[in-house]
Structures are given as structure tokens and as C-alpha cells.
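Quick notes on the structure that follows.
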Amino acid sequence: MTEKSELRGLIRQIQDGDRDAFGALYDRFFDSVYGYVLRQVGSSADAEDITAGVFLEVFEKIGGFTWRGAGFSAWLFRIARNDVLDHFRQRSPAKESALMEEIEQLPAAATVDQQAEKKWSAQELLAAITRLSEEQRQVVLLKLTLNFSNRQTGVVLGKSEGAIKALQHRALLSLREILDEGKGR
Amino acid sequence: MPARLEDQLIAALNVAVPAGLRESVKIRVMTEVDRLIAKKPAPMPRPPRRPWDVLKLRLIALASGMIVMLGAGAAVAAAAAGPDSWLYPVKQDLESVRAGLARGSMAESHYQVDRAGKRLDEIDAMITAGKPEYVPDLLAHYATHMRRAAELRNEALANGENTSQLDEAIAVTQTRHDELLKSLSGDLPDDIRQAIIDEGEDGAAPSPADQQQGEAASADSTTAGGVTGSDDEQINQVPPPPGSAVLNDETGDADGTSGSSESGDGYGHQGDSNDMPALPESQSAPESQPDNHETHEGGSGHEGHAASPSSQPGESGYQMPQPDPAAPPE
């Protein structure tokens, strides 16, 4: 059974009311959702709350989910992104700037390749990402960390594949500029 | 070859999820999922997909759909049935089945609180429809649901579950009950009012001392993780019996579960007032158990209302029965 057909079966079971199947879905996607949320909100406590909220929303809405082109992951992360946006709407501007500082200080799990001709520290990269526009940041997170396709990313952001490609291109250009000019320091 | 910027970004953005975090969040999520499952009707099973000839599959789907719709229609009609409808017993049976499907004490307790709330809705509807004769039975059903909710709540607490949301739901429903009865004052004929009083007397509980003895014998002395305190503390953490809120006619406040207690969780001690709010203009009922009277006055959080004549046991028109540990589960 392929991974995709396994996921389809799991979702079908959840839609039939199988609680344990939902637990299995949760186990499958928790790390990626939590990481995605944490990289945006900066606070692990907030990330936990938002992630829990995402999965509860998934449980409530999965009855209406149908398999379309982009698949379940795009649907899931669209919910996650909306919940993160709702979280930010409730924050004051003063908290927003403090949040950006938190995100920059989050430790990365892996070390950067030591042999790269041009390398930056994880903190520099994270700081540079916070200075991208929200949509560019989303493209970076979804495409690079979650390995989403342009189509899936487009579903999450409500944009066409072409727009996603353009956003990704501009995001990487912007990051290089920011890093080269030391704006992330 | 230098690492690409994209690869460096991937490495930097990778998040190491702390050990145990997934499980701790999962507990929160699945508890809420259980509660949502208890509130929802069981989903209709999906027909299996098979590589049949399209026309045959469509005919079967159509026939299945019609059967399901007929059954669902009956269930929907029953779900909306009022106490004055012939479908009402079907509705009660459906609710009992759903209660049995609830997973875990917490989920079932939430469902019992929901059922109690529905009885209050039905009381409202019957009064509006000019059919107060249904009120005494509905109050009795309400008491049964809340009693069961309290028992299940204790079970969940003993299992180490966090009952704060459940406690709030119980308190809200009790308050709503108290306010509803207060608002019924002018709407009940004397014979119905007397029936309510009689219903309360017939269901009167044993004295608190007897009840504690009975509950102590059945209470599990080993507590799950997170539950501290003695068995007495657990018993004392049972929310006051339904309708135990004492209305202060002067202030109009319903002082029920918000009172402080030694256990600190906002619930009164066992044996605190188990009086229903007094129905204005009601005649005094026969004296209630003297133990209740004493512990009511001594109960913490009720001091401000102990002196209220409307709150004194024996003077209120209706007394809710104490949770009866010997009663068979619903």
C-alpha cells in the first residue's frame, strides 16, 4: 500500500468516526505542523496551543474534506496557516516586534554545512526570513521545509502555481540580498 | 560544492520537536475529540467502494440512500420531539444509546450535562406551550442526568483527568436551572407546584452521613496520577446536587457552585445546601433533614445566604435528591 493510499484509508476511517484513526493522523502530522507553526510564532507555548487548535479544527471539518488535486497536506496546512494568521491578528504591534526577536533567537535543529563556500549561521538565516513578506515567508516554509509542490503551496496560500514560482524566486533573491548586506545581523 | 542557500535554509528551519511534547499535546486534543464525539450523533457508515458495474452501483446507492433517509428522518423527527410528542420515548432511547457510545467518563459526563440542558429547554418549551403538567417529570429527568454527570465527573477526576471544563459546564447548567425555576414562579398552577414539591420529597436523599458512608465504601482509595487528597476530598468534590443553588431573594443571586470550599475547587462540601430555589409564594414544605440544615449554615461560601429565609431548608418548595450511590447507572 502506498503512503498516499494509506493516508486515504486513514481519512476515510476518521470520516466514519474512528477516533483511533484520528490519533494516527495526528501522530503522522504533528511534527511538521508544530515546526511550521513554531517557525512563525516563535513561542513554543503558543505553537503548542495553535497546533492543538489546528488538529481539533481538522477533526471538526474533515467530514467535509474531499480528495482534490492538491491533497490532504495542503488542506491541513491551509488550516494551520489561517490559525497562525488569526493568532497574529490578536497580537499587538509591540508584541509583534518582540515576536520577531524571539523567532530570530530560536535554535535550529541542524548545523549548517561547514564546507559551503558561502555559509551563514542558522540565526542569520532565521533573522533574514523574518524580514521577508508574509507570503514569501510562507513559500519558503512550505516549499523548503515541508517539500510542498507549487500546486500544494498555491492551495494553502490561495494563489496560482505561477504566482508561487514567482514568490519563491523573489524570496530567495531577497534573502540573498539581506544576507549579503548583513541585514540579518 | 557549496551548499545551496535552499539547503542551508532547510537545515536552519528544521525544528526538533522536544521529547514528550507530541504526547502531551495529544492528550489535550484527544480529550476534546472525545467530547466532540459524545456530542455528535454517530456518523452513517460509508458504503464500500467496489469495481461494480456503474448502473448496479448507482441503484444500490439509491436504495441505500432511501433506507438511510427514512431511518434518519425518523431519528431527526424523534430528536426534535417534545415531551408532549409520541416520539419522545424514542428520543429518550436515542439519547441513552448515545450516552452508551461516549468514550470515557469525561465524555459521558459532558453528554449527561448536555442532556440536562435539553430537559431545561423542554421545560421552557412546555411552559411556553401552556403545558406545565410536564414540568415535574422533566425536572426529575434533569436531576437524574446531573446526578449521573456528577458521578462520572468524580470517576474522571479519580482517573487523573482535568475536569475544569466539565466543572464549568456543570455549574453553568445548574445556574441556568436555578434561574429557570425562579422565572417559573408565576407560571405554575398550584397543583403542578405541589407535584414538583412532592417529586422532590419522594426523591429525598439519605442524610449526608449515610451518604458519605455509602460513597466511602464504594470510592476507590487509589487515586490516579494528578489526583491528590483523600477519598473524603474526592467525595467532597462532588458538585452540589442539582438544584442546590440557593436563591437569595433579596439579591437575586444564585449561589451554587461558585462558593469556595476546603478542597479549593469551588464546590461545597457534601451536605451543603441541597435545596432548590424557593418558588415564590410557595407554601413551606415539611421540614427537611436537620443535617442538611446544619451543614448548610456551616458550609463555606454560603454564609452570605444562610440567613435568607428563602434559602432555609424546609421553606423552599422543592428539594433535589442527593446523588444516590446505590442507584443503578442510567
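How things are named: the first chain in the C-alpha cells is A, the next is B, and so on; residues count from 1 in each chain; ligands count from 1 in the order shown.
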
Please determine the contact residues of chain B with respect to chain A at a cut-off of 9 Å, counting only C-alpha atoms, and supply them as a JSON list (two decimals) with C-alpha atoms, in the first residue's frame.
[["chain", "number", "residue", "atom", "x", "y", "z"],
["B", 1, "MET", "CA", 30.35, 22.34, -3.86],
["B", 2, "PRO", "CA", 28.96, 24.99, -1.60],
["B", 3, "ALA", "CA", 25.65, 24.17, -0.09],
["B", 4, "ARG", "CA", 22.83, 25.91, -1.83],
["B", 5, "LEU", "CA", 21.03, 28.63, 0.00],
["B", 6, "GLU", "CA", 17.91, 26.49, -0.14],
["B", 7, "ASP", "CA", 19.68, 23.60, 1.57],
["B", 8, "GLN", "CA", 21.00, 25.90, 4.24],
["B", 9, "LEU", "CA", 17.53, 27.28, 4.79],
["B", 10, "ILE", "CA", 16.12, 23.78, 5.13],
["B", 11, "ALA", "CA", 18.71, 22.93, 7.74],
["B", 12, "ALA", "CA", 18.12, 26.18, 9.64],
["B", 13, "LEU", "CA", 14.35, 25.85, 9.59],
["B", 14, "ASN", "CA", 14.27, 22.26, 10.74],
["B", 15, "VAL", "CA", 12.63, 22.09, 14.16],
["B", 16, "ALA", "CA", 13.48, 19.38, 16.68],
["B", 17, "VAL", "CA", 10.26, 18.57, 18.49],
["B", 21, "LEU", "CA", 5.63, 17.19, 23.51],
["B", 22, "ARG", "CA", 3.67, 15.31, 20.89],
["B", 23, "GLU", "CA", 2.11, 13.06, 23.52],
["B", 25, "VAL", "CA", -0.48, 17.87, 23.27],
["B", 26, "LYS", "CA", -2.17, 14.69, 22.06],
["B", 28, "ARG", "CA", -5.37, 17.64, 25.22],
["B", 29, "VAL", "CA", -6.50, 17.11, 21.67],
["B", 30, "MET", "CA", -7.97, 13.62, 22.17],
["B", 32, "GLU", "CA", -11.57, 17.39, 23.31],
["B", 33, "VAL", "CA", -12.12, 14.96, 20.43],
["B", 34, "ASP", "CA", -13.88, 12.59, 22.83],
["B", 36, "LEU", "CA", -16.95, 16.32, 20.39],
["B", 37, "ILE", "CA", -17.68, 12.69, 19.56],
["B", 42, "ALA", "CA", -22.68, 8.56, 15.18],
["B", 43, "PRO", "CA", -21.83, 9.08, 11.50],
["B", 44, "MET", "CA", -23.54, 6.91, 8.97],
["B", 45, "PRO", "CA", -21.11, 4.31, 7.63],
["B", 46, "ARG", "CA", -19.92, 4.93, 4.08]]

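With only C-alpha atoms as the atoms that count, the minimum distance from Arg28 of chain A to the choices A:Ser5, A:Gln136, A:Ser73, A:Gln40 is reached by A:Ser73.
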
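Minimum atom-to-atom distance to Gln194 of chain B, evaluated using only C-alpha atoms, belongs to B:Glu133 out of B:Glu133, B:Asp178, B:Asp93, B:Glu108.
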
Problem set entry | Secondary structure check, alpha helix (DSSP H) residues of chain A, as a PyMOL selection string | chain A and resi 3-15+19-41+44-61+71-89+93-105+122-130+134-139+150-157+161-180

Exercise. So how many Å separate atom CA of Gln174 of chain B and atom CA of Ser85 of chain B, to one decimal?
Worked result: 26.1 Å

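Nearest-residue note for Ile123 of chain B: choosing from B:Lys39, B:Lys91, B:Arg176, B:Arg103, the minimum distance belongs to B:Arg176, counting only C-alpha atoms.
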